$ cat data.pdb   # PDB, C-alpha atoms
ATOM      1  CA  MET A  47     -10.290  44.226  -4.385
ATOM      2  CA  LYS A  48     -11.611  41.845  -7.052
ATOM      3  CA  LEU A  49      -8.462  42.383  -9.109
ATOM      4  CA  LEU A  50      -6.281  41.498  -6.095
ATOM      5  CA  THR A  51      -8.311  38.310  -5.515
ATOM      6  CA  VAL A  52      -7.961  37.297  -9.157
ATOM      7  CA  LEU A  53      -4.203  37.954  -9.040
ATOM      8  CA  LEU A  54      -3.828  35.889  -5.854
ATOM      9  CA  ILE A  55      -5.760  33.000  -7.424
ATOM     10  CA  LEU A  56      -3.566  33.179 -10.552
ATOM     11  CA  VAL A  57      -0.354  33.208  -8.473
ATOM     12  CA  LEU A  58      -1.610  30.290  -6.385
ATOM     13  CA  GLY A  59      -2.595  28.370  -9.533
ATOM     14  CA  LEU A  60       0.788  28.990 -11.161
ATOM     15  CA  THR A  61       2.618  27.961  -7.985
ATOM     16  CA  LEU A  62       0.655  24.728  -7.727
ATOM     17  CA  GLY A  63       1.214  24.073 -11.439
ATOM     18  CA  VAL A  64       4.978  24.532 -11.104
ATOM     19  CA  VAL A  65       5.077  22.259  -8.034
ATOM     20  CA  TYR A  66       3.060  19.606  -9.903
ATOM     21  CA  LEU A  67       5.238  19.804 -13.034
ATOM     22  CA  LYS A  68       8.435  19.747 -10.988
ATOM     23  CA  GLY A  69       7.156  16.636  -9.198
ATOM     24  CA  ARG A  70       6.321  14.945 -12.503
ATOM     25  CA  LEU A  71       9.346  16.029 -14.530
ATOM     26  CA  PHE A  72      12.178  15.858 -11.997
ATOM     27  CA  SER A  73      11.236  13.064  -9.634
ATOM     28  CA  PHE A  74      10.740   9.356  -9.101
ATOM     29  CA  ARG A  75       7.409   9.509 -10.959
ATOM     30  CA  SER A  76       8.924  10.929 -14.146
ATOM     31  CA  GLN A  77      10.648   7.667 -15.161
ATOM     32  CA  GLU A  78       9.070   5.173 -17.554
ATOM     33  CA  PRO A  79       9.959   1.530 -18.305
ATOM     34  CA  SER A  80      11.040   2.569 -21.821
ATOM     35  CA  ASP A  81      13.823   4.668 -20.231
ATOM     36  CA  TYR A  82      15.542   1.395 -19.289
ATOM     37  CA  ALA A  83      14.755  -0.794 -22.316
ATOM     38  CA  GLU A  84      18.414  -0.993 -23.413
ATOM     39  CA  LEU A  85      19.939  -1.007 -19.925
ATOM     40  CA  GLY A  86      21.392  -4.277 -18.689
ATOM     41  CA  PRO A  87      21.814  -6.633 -17.040
ATOM     42  CA  PHE A  88      18.378  -7.731 -18.167
ATOM     43  CA  ILE A  89      16.008  -8.857 -15.446
ATOM     44  CA  SER A  90      13.679 -11.856 -15.691
ATOM     45  CA  LEU A  91      10.730 -12.602 -13.419
ATOM     46  CA  LYS A  92      11.200 -16.356 -13.703
ATOM     47  CA  GLU A  93      14.946 -16.262 -13.147
ATOM     48  CA  HIS A  94      15.418 -13.477 -10.605
ATOM     49  CA  LEU A  95      12.216 -13.875  -8.560
ATOM     50  CA  ASN A  96      12.791 -17.584  -8.071
ATOM     51  CA  GLY A  97      14.074 -19.617  -5.142
ATOM     52  CA  PRO A  98      15.028 -18.197  -1.731
ATOM     53  CA  ILE A  99      15.585 -14.431  -1.622
ATOM     54  CA  LEU A 100      16.716 -12.283   1.307
ATOM     55  CA  SER A 101      15.454  -8.697   1.428
ATOM     56  CA  GLU A 102      16.485  -5.930   3.810
ATOM     57  CA  GLY A 103      14.958  -2.492   3.735
ATOM     58  CA  LEU A 104      14.056   0.845   5.247
ATOM     59  CA  ILE A 105      10.670   2.566   5.279
ATOM     60  CA  TYR A 106      10.650   6.371   5.349
ATOM     61  CA  GLY A 107       7.677   8.343   6.650
ATOM     62  CA  PRO A 108       6.234  11.550   5.155
ATOM     63  CA  ASN A 109       8.846  13.674   6.970
ATOM     64  CA  GLY A 110      11.695  11.821   5.204
ATOM     65  CA  ARG A 111      12.913  10.083   8.360
ATOM     66  CA  VAL A 112      13.255   6.328   8.761
ATOM     67  CA  ALA A 113      10.027   5.092  10.367
ATOM     68  CA  ASN A 114      10.776   1.360  10.324
ATOM     69  CA  SER A 115      13.139  -1.242   8.894
ATOM     70  CA  PHE A 116      12.662  -4.885   7.988
ATOM     71  CA  VAL A 117      14.178  -8.179   6.977
ATOM     72  CA  ALA A 118      12.088 -10.330   4.645
ATOM     73  CA  ARG A 119      12.594 -13.948   3.675
ATOM     74  CA  MET A 120      11.096 -14.587   0.254
ATOM     75  CA  GLU A 121      10.532 -17.709  -1.792
ATOM     76  CA  GLY A 122       9.672 -17.583  -5.484
ATOM     77  CA  SER A 123       8.438 -20.507  -7.558
ATOM     78  CA  TRP A 124       7.126 -20.845 -11.109
ATOM     79  CA  ASP A 125       4.936 -23.236 -13.087
ATOM     80  CA  GLY A 126       4.989 -22.065 -16.668
ATOM     81  CA  ASP A 127       3.828 -18.453 -16.795
ATOM     82  CA  THR A 128       2.294 -18.424 -13.312
ATOM     83  CA  GLY A 129       4.309 -17.981 -10.164
ATOM     84  CA  THR A 130       4.145 -17.199  -6.487
ATOM     85  CA  LEU A 131       6.385 -15.008  -4.390
ATOM     86  CA  LYS A 132       5.940 -15.644  -0.663
ATOM     87  CA  GLU A 133       7.196 -12.910   1.653
ATOM     88  CA  ALA A 134       7.707 -13.169   5.434
ATOM     89  CA  PHE A 135       8.556  -9.764   6.946
ATOM     90  CA  THR A 136      10.039  -9.083  10.376
ATOM     91  CA  TYR A 137       9.986  -5.361  11.202
ATOM     92  CA  SER A 138      12.278  -3.523  13.620
ATOM     93  CA  ASN A 139       9.269  -2.763  15.835
ATOM     94  CA  GLY A 140       8.772  -6.526  16.330
ATOM     95  CA  LYS A 141       5.748  -6.886  14.040
ATOM     96  CA  GLN A 142       5.593  -9.709  11.517
ATOM     97  CA  GLN A 143       3.669  -9.882   8.261
ATOM     98  CA  ASN A 144       3.213 -12.450   5.503
ATOM     99  CA  ARG A 145       2.163 -11.841   1.913
ATOM    100  CA  GLN A 146       1.892 -14.081  -1.118
ATOM    101  CA  TRP A 147       2.017 -12.533  -4.564
ATOM    102  CA  ASN A 148       0.360 -14.557  -7.334
ATOM    103  CA  LEU A 149       2.051 -13.590 -10.595
ATOM    104  CA  THR A 150       0.882 -14.157 -14.167
ATOM    105  CA  ILE A 151       3.061 -13.361 -17.172
ATOM    106  CA  VAL A 152       0.900 -11.852 -19.922
ATOM    107  CA  ASP A 153       3.607 -11.475 -22.585
ATOM    108  CA  ASP A 154       7.347 -10.768 -22.859
ATOM    109  CA  THR A 155       7.108  -7.422 -21.060
ATOM    110  CA  THR A 156       3.887  -7.343 -19.012
ATOM    111  CA  PHE A 157       2.524  -9.253 -16.037
ATOM    112  CA  THR A 158      -0.212  -9.030 -13.437
ATOM    113  CA  ALA A 159      -0.137  -9.808  -9.727
ATOM    114  CA  THR A 160      -2.578 -10.239  -6.873
ATOM    115  CA  ALA A 161      -2.235 -10.550  -3.094
ATOM    116  CA  ASP A 162      -4.649 -10.533  -0.150
ATOM    117  CA  ASP A 163      -3.844  -6.941   0.873
ATOM    118  CA  ILE A 164      -3.942  -5.567  -2.685
ATOM    119  CA  ILE A 165      -7.086  -3.998  -4.141
ATOM    120  CA  GLY A 166      -7.792  -5.393  -7.596
ATOM    121  CA  VAL A 167      -4.890  -6.414  -9.795
ATOM    122  CA  ALA A 168      -1.365  -5.012  -9.805
ATOM    123  CA  LYS A 169       0.010  -4.248 -13.251
ATOM    124  CA  GLY A 170       3.673  -4.814 -14.003
ATOM    125  CA  LYS A 171       6.122  -4.082 -16.798
ATOM    126  CA  VAL A 172       9.559  -5.628 -17.359
ATOM    127  CA  SER A 173      12.019  -3.463 -19.317
ATOM    128  CA  GLY A 174      15.771  -3.938 -19.544
ATOM    129  CA  ALA A 175      17.213  -3.997 -16.029
ATOM    130  CA  THR A 176      13.945  -2.934 -14.410
ATOM    131  CA  ILE A 177      10.534  -4.058 -13.255
ATOM    132  CA  ARG A 178       7.802  -1.515 -12.533
ATOM    133  CA  MET A 179       4.613  -2.463 -10.705
ATOM    134  CA  ASP A 180       1.636  -0.236  -9.827
ATOM    135  CA  TYR A 181      -1.036  -1.237  -7.320
ATOM    136  CA  THR A 182      -3.188  -0.156  -4.386
ATOM    137  CA  ILE A 183      -2.375  -1.680  -1.007
ATOM    138  CA  VAL A 184      -4.504  -1.713   2.137
ATOM    139  CA  LEU A 185      -2.479  -1.227   5.321
ATOM    140  CA  THR A 186      -3.206  -3.307   8.403
ATOM    141  CA  GLU A 187      -5.654  -1.820  10.934
ATOM    142  CA  GLU A 188      -2.835  -1.166  13.402
ATOM    143  CA  ALA A 189      -1.058   0.818  10.668
ATOM    144  CA  GLY A 190      -4.208   2.882  10.070
ATOM    145  CA  GLY A 191      -6.038   0.717   7.522
ATOM    146  CA  HIS A 192      -5.403   3.274   4.774
ATOM    147  CA  SER A 193      -5.435   2.445   1.055
ATOM    148  CA  LEU A 194      -2.244   3.688  -0.610
ATOM    149  CA  ASN A 195      -1.294   3.883  -4.270
ATOM    150  CA  VAL A 196       2.112   2.258  -4.716
ATOM    151  CA  THR A 197       4.673   2.409  -7.491
ATOM    152  CA  ASP A 198       7.421  -0.222  -7.131
ATOM    153  CA  TRP A 199      10.620  -0.100  -9.155
ATOM    154  CA  LEU A 200      13.085  -2.996  -9.066
ATOM    155  CA  TYR A 201      16.533  -2.349 -10.576
ATOM    156  CA  MET A 202      18.894  -5.231 -11.365
ATOM    157  CA  THR A 203      22.546  -4.531 -10.551
ATOM    158  CA  GLU A 204      25.651  -6.039 -12.128
ATOM    159  CA  SER A 205      26.236  -8.161  -9.001
ATOM    160  CA  GLY A 206      22.782  -9.764  -9.205
ATOM    161  CA  VAL A 207      21.372  -7.784  -6.279
ATOM    162  CA  ILE A 208      18.006  -6.165  -6.972
ATOM    163  CA  MET A 209      17.445  -2.668  -5.599
ATOM    164  CA  ASN A 210      13.791  -1.947  -4.777
ATOM    165  CA  ARG A 211      12.464   1.593  -4.477
ATOM    166  CA  SER A 212       8.788   2.233  -3.800
ATOM    167  CA  GLU A 213       6.662   5.307  -3.290
ATOM    168  CA  MET A 214       3.335   5.194  -1.473
ATOM    169  CA  ARG A 215       0.831   7.973  -2.068
ATOM    170  CA  LYS A 216      -2.518   9.015  -0.656
ATOM    171  CA  PHE A 217      -4.561  11.551  -2.667
ATOM    172  CA  GLY A 218      -1.445  12.069  -4.825
ATOM    173  CA  ILE A 219       0.725  13.087  -1.856
ATOM    174  CA  LYS A 220       3.757  10.950  -0.989
ATOM    175  CA  VAL A 221       3.279   9.519   2.511
ATOM    176  CA  ALA A 222       6.004   6.852   2.579
ATOM    177  CA  GLU A 223       8.969   5.514   0.657
ATOM    178  CA  LEU A 224      10.682   2.139   0.793
ATOM    179  CA  ILE A 225      14.268   1.319  -0.170
ATOM    180  CA  ALA A 226      15.357  -2.326  -0.068
ATOM    181  CA  THR A 227      17.815  -4.849  -1.421
ATOM    182  CA  MET A 228      16.838  -8.291  -2.676
ATOM    183  CA  ARG A 229      19.480 -10.943  -3.187
ATOM    184  CA  PRO A 230      19.467 -14.690  -3.726
ATOM    185  CA  GLN A 231      19.955 -16.428  -0.406
ATOM    186  CA  PRO A 232      22.692 -19.069  -0.654
ATOM    187  CA  GLU A 233      21.525 -22.554   0.344
ATOM    188  CA  GLU A 234      24.096 -22.900   3.138
ATOM    189  CA  GLU A 235      22.960 -19.589   4.678
ATOM    190  CA  GLU A 236      19.329 -20.713   4.472
ATOM    191  CA  ARG A 237      20.179 -24.021   6.180
ATOM    192  CA  ARG A 238      22.158 -22.276   8.920
ATOM    193  CA  GLU A 239      19.285 -19.871   9.661
ATOM    194  CA  ALA A 240      16.759 -22.715   9.741
ATOM    195  CA  ALA A 241      18.904 -24.547  12.304
ATOM    196  CA  GLU A 242      19.110 -21.504  14.649
TER     197      GLU A 242
END
$ encode --input "data.pdb" --output "structure tokens"
Amino acid sequence: MKLLTVLLILVLGLTLGVVYLKGRLFSFRSQEPSDYAELGPFISLKEHLNGPILSEGLIYGPNGRVANSFVARMEGSWDGDTGTLKEAFTYSNGKQQNRQWNLTIVDDTTFTATADDIIGVAKGKVSGATIRMDYTIVLTEEAGGHSLNVTDWLYMTESGVIMNRSEMRKFGIKVAELIATMRPQPEEEERREAAE
């Protein structure tokens, strides 16, 4: 009986180890900024997170189904190596949310960021066509008030559109994923929307 218990524990341990390695080696979390160091077009915080930006995205729940969608109006501005990125979200369920990121460029490839619903300081890395940012976010009370560990990846495309993919985890388990586009909002479109 003891031998059977030991064998079951070993099989369970091996299974969990394989699942963990598969998740680390063949998934979203396996990529590193250095993987994209030579990939262009090169992205710049000051250039590409500046001025009016329109973002549209989908949020997937833990079952892989779309749980919500959003449109966000963003406005980036810079003063030297410090900047702000204001975000105004309108979700498909009618909820609205505002966030302001306060960004500080540390050197050519690293930056930090803070916001009211972020615990501590987000750490970011710029590499080639990508930006990676890791942080812990606190959801609103109506969304459960949970603290989630987030990894954001922004990928610059040839057309100038930025693709954003984010994973949100709780206790290491993926509970949500976000896919969004971010594109400069032309001035005439911004004026037309303001007039409506």
$ closest_residue --input "data.pdb" --among "A:Asn195, A:Thr150, A:Thr155, A:Thr130" --to "A:Leu95" --atoms "all atoms listed in the file"
A:Thr130
$ closest_atom_pairs --input "data.pdb" --of "stretch 115-153 of chain A" --to "stretch 163-175 of chain A" --cutoff "12 Å" --atoms "only C-alpha atoms" --output "CSV"
residue,atom,partner,partner_atom,distance
A:Gln143,CA,A:Asp163,CA,10.9
A:Asn144,CA,A:Asp163,CA,10.1
A:Arg145,CA,A:Asp163,CA,7.8
A:Gln146,CA,A:Asp163,CA,9.4
A:Trp147,CA,A:Ile164,CA,9.4
A:Asn148,CA,A:Val167,CA,10.0
A:Leu149,CA,A:Ala168,CA,9.3
A:Thr150,CA,A:Gly170,CA,9.8
A:Ile151,CA,A:Gly170,CA,9.1
A:Val152,CA,A:Gly170,CA,9.6
A:Asp153,CA,A:Lys171,CA,9.7
$ closest_residue --input "data.pdb" --among "A:Phe135, A:Tyr106, A:Tyr201, A:Phe116" --to "A:Ile177" --atoms "only C-alpha atoms"
A:Tyr201
$ residues_around --input "data.pdb" --residues "A:His94" --least-positions-apart "2" --cutoff "10 Å" --atoms "only C-alpha atoms" --output "list in words"
Phe88, Ile89, Ser90, Leu91, Lys92, Asn96, Gly97, Ile99, Gly122, Met202, Gly206, Val207, Ile208, Met228, Arg229 and Pro230 of chain A
$ axis_aligned_box --input "data.pdb" --around "stretch 110-113 of chain A" --padding-each-side "3 Å" --output "AutoDock Vina command-line options"
--center_x 11.6 --center_y 8.5 --center_z 7.8 --size_x 9.2 --size_y 12.7 --size_z 11.2
$ resolve_selection --input "data.pdb" --expression "the PyMOL selection byres ((chain A and resi 183) around 10)" --output "list in words"
Ala161, Asp162, Asp163, Ile164, Ile165, Gly166, Ala168, Asp180, Tyr181, Thr182, Val184, Leu185, Thr186, Gly191, His192, Ser193, Leu194, Asn195, Val196 and Met214 of chain A
$ resolve_selection --input "data.pdb" --expression "the PyMOL selection byres ((chain A and resi 115) around 8)" --output "list in words"
Glu102, Gly103, Leu104, Ile105, Val112, Ala113, Asn114, Phe116, Val117, Tyr137 and Ser138 of chain A
$ atom_distance --input "data.pdb" --atom1 "atom CA of A:Ser212" --atom2 "atom CA of A:Asn139"
20.3 Å
$ closest_residue --input "data.pdb" --among "A:Gly129, A:Met120, A:Gly110, A:Glu204" --to "A:Lys220" --atoms "only C-alpha atoms"
A:Gly110
$ build_atoms --input "data.pdb" --residues "stretch 139-167 of chain A" --atoms "N, CA and C atoms" --output "PDB file, in the frame of the given file"
ATOM      1  N   ASN A 139      10.141  -2.973  14.675  1.00  0.00           N
ATOM      2  CA  ASN A 139       9.269  -2.763  15.835  1.00  0.00           C
ATOM      3  C   ASN A 139       8.704  -4.081  16.380  1.00  0.00           C
ATOM      4  N   GLY A 140       9.185  -5.215  15.841  1.00  0.00           N
ATOM      5  CA  GLY A 140       8.772  -6.526  16.330  1.00  0.00           C
ATOM      6  C   GLY A 140       7.587  -7.133  15.600  1.00  0.00           C
ATOM      7  N   LYS A 141       6.909  -6.370  14.770  1.00  0.00           N
ATOM      8  CA  LYS A 141       5.748  -6.886  14.040  1.00  0.00           C
ATOM      9  C   LYS A 141       6.203  -7.833  12.939  1.00  0.00           C
ATOM     10  N   GLN A 142       5.324  -8.773  12.609  1.00  0.00           N
ATOM     11  CA  GLN A 142       5.593  -9.709  11.517  1.00  0.00           C
ATOM     12  C   GLN A 142       4.420  -9.663  10.550  1.00  0.00           C
ATOM     13  N   GLN A 143       4.707  -9.921   9.297  1.00  0.00           N
ATOM     14  CA  GLN A 143       3.669  -9.882   8.261  1.00  0.00           C
ATOM     15  C   GLN A 143       4.033 -10.864   7.156  1.00  0.00           C
ATOM     16  N   ASN A 144       3.020 -11.539   6.632  1.00  0.00           N
ATOM     17  CA  ASN A 144       3.213 -12.450   5.503  1.00  0.00           C
ATOM     18  C   ASN A 144       2.371 -11.978   4.329  1.00  0.00           C
ATOM     19  N   ARG A 145       2.901 -12.162   3.133  1.00  0.00           N
ATOM     20  CA  ARG A 145       2.163 -11.841   1.913  1.00  0.00           C
ATOM     21  C   ARG A 145       2.540 -12.872   0.870  1.00  0.00           C
ATOM     22  N   GLN A 146       1.591 -13.235   0.034  1.00  0.00           N
ATOM     23  CA  GLN A 146       1.892 -14.081  -1.118  1.00  0.00           C
ATOM     24  C   GLN A 146       1.404 -13.379  -2.372  1.00  0.00           C
ATOM     25  N   TRP A 147       2.349 -13.072  -3.246  1.00  0.00           N
ATOM     26  CA  TRP A 147       2.017 -12.533  -4.564  1.00  0.00           C
ATOM     27  C   TRP A 147       1.737 -13.697  -5.501  1.00  0.00           C
ATOM     28  N   ASN A 148       0.665 -13.596  -6.271  1.00  0.00           N
ATOM     29  CA  ASN A 148       0.360 -14.557  -7.334  1.00  0.00           C
ATOM     30  C   ASN A 148       0.590 -13.838  -8.658  1.00  0.00           C
ATOM     31  N   LEU A 149       1.588 -14.276  -9.388  1.00  0.00           N
ATOM     32  CA  LEU A 149       2.051 -13.590 -10.595  1.00  0.00           C
ATOM     33  C   LEU A 149       1.625 -14.343 -11.844  1.00  0.00           C
ATOM     34  N   THR A 150       1.228 -13.576 -12.864  1.00  0.00           N
ATOM     35  CA  THR A 150       0.882 -14.157 -14.167  1.00  0.00           C
ATOM     36  C   THR A 150       1.567 -13.354 -15.259  1.00  0.00           C
ATOM     37  N   ILE A 151       2.399 -14.025 -16.043  1.00  0.00           N
ATOM     38  CA  ILE A 151       3.061 -13.361 -17.172  1.00  0.00           C
ATOM     39  C   ILE A 151       2.071 -13.288 -18.324  1.00  0.00           C
ATOM     40  N   VAL A 152       1.842 -12.079 -18.819  1.00  0.00           N
ATOM     41  CA  VAL A 152       0.900 -11.852 -19.922  1.00  0.00           C
ATOM     42  C   VAL A 152       1.618 -11.992 -21.260  1.00  0.00           C
ATOM     43  N   ASP A 153       2.773 -11.360 -21.387  1.00  0.00           N
ATOM     44  CA  ASP A 153       3.607 -11.475 -22.585  1.00  0.00           C
ATOM     45  C   ASP A 153       5.050 -11.182 -22.185  1.00  0.00           C
ATOM     46  N   ASP A 154       5.924 -10.942 -23.161  1.00  0.00           N
ATOM     47  CA  ASP A 154       7.347 -10.768 -22.859  1.00  0.00           C
ATOM     48  C   ASP A 154       7.646  -9.615 -21.912  1.00  0.00           C
ATOM     49  N   THR A 155       6.792  -8.604 -21.866  1.00  0.00           N
ATOM     50  CA  THR A 155       7.108  -7.422 -21.060  1.00  0.00           C
ATOM     51  C   THR A 155       6.071  -7.073 -19.996  1.00  0.00           C
ATOM     52  N   THR A 156       4.917  -7.710 -19.992  1.00  0.00           N
ATOM     53  CA  THR A 156       3.887  -7.343 -19.012  1.00  0.00           C
ATOM     54  C   THR A 156       3.462  -8.536 -18.164  1.00  0.00           C
ATOM     55  N   PHE A 157       3.029  -8.223 -16.943  1.00  0.00           N
ATOM     56  CA  PHE A 157       2.524  -9.253 -16.037  1.00  0.00           C
ATOM     57  C   PHE A 157       1.494  -8.619 -15.104  1.00  0.00           C
ATOM     58  N   THR A 158       0.729  -9.476 -14.451  1.00  0.00           N
ATOM     59  CA  THR A 158      -0.212  -9.030 -13.437  1.00  0.00           C
ATOM     60  C   THR A 158       0.107  -9.755 -12.139  1.00  0.00           C
ATOM     61  N   ALA A 159      -0.389  -9.200 -11.033  1.00  0.00           N
ATOM     62  CA  ALA A 159      -0.137  -9.808  -9.727  1.00  0.00           C
ATOM     63  C   ALA A 159      -1.292  -9.502  -8.791  1.00  0.00           C
ATOM     64  N   THR A 160      -1.568 -10.447  -7.908  1.00  0.00           N
ATOM     65  CA  THR A 160      -2.578 -10.239  -6.873  1.00  0.00           C
ATOM     66  C   THR A 160      -2.000 -10.686  -5.533  1.00  0.00           C
ATOM     67  N   ALA A 161      -2.578 -10.145  -4.462  1.00  0.00           N
ATOM     68  CA  ALA A 161      -2.235 -10.550  -3.094  1.00  0.00           C
ATOM     69  C   ALA A 161      -3.417 -10.166  -2.216  1.00  0.00           C
ATOM     70  N   ASP A 162      -3.498 -10.757  -1.028  1.00  0.00           N
ATOM     71  CA  ASP A 162      -4.649 -10.533  -0.150  1.00  0.00           C
ATOM     72  C   ASP A 162      -4.822  -9.080   0.272  1.00  0.00           C
ATOM     73  N   ASP A 163      -3.715  -8.329   0.420  1.00  0.00           N
ATOM     74  CA  ASP A 163      -3.844  -6.941   0.873  1.00  0.00           C
ATOM     75  C   ASP A 163      -3.759  -5.935  -0.273  1.00  0.00           C
ATOM     76  N   ILE A 164      -3.951  -6.421  -1.496  1.00  0.00           N
ATOM     77  CA  ILE A 164      -3.942  -5.567  -2.685  1.00  0.00           C
ATOM     78  C   ILE A 164      -5.369  -5.442  -3.207  1.00  0.00           C
ATOM     79  N   ILE A 165      -5.767  -4.215  -3.553  1.00  0.00           N
ATOM     80  CA  ILE A 165      -7.086  -3.998  -4.141  1.00  0.00           C
ATOM     81  C   ILE A 165      -6.981  -4.236  -5.642  1.00  0.00           C
ATOM     82  N   GLY A 166      -7.805  -5.128  -6.160  1.00  0.00           N
ATOM     83  CA  GLY A 166      -7.792  -5.393  -7.596  1.00  0.00           C
ATOM     84  C   GLY A 166      -6.538  -6.126  -8.024  1.00  0.00           C
ATOM     85  N   VAL A 167      -6.035  -5.729  -9.187  1.00  0.00           N
ATOM     86  CA  VAL A 167      -4.890  -6.414  -9.795  1.00  0.00           C
ATOM     87  C   VAL A 167      -3.752  -5.427  -9.993  1.00  0.00           C
TER      88      VAL A 167
END
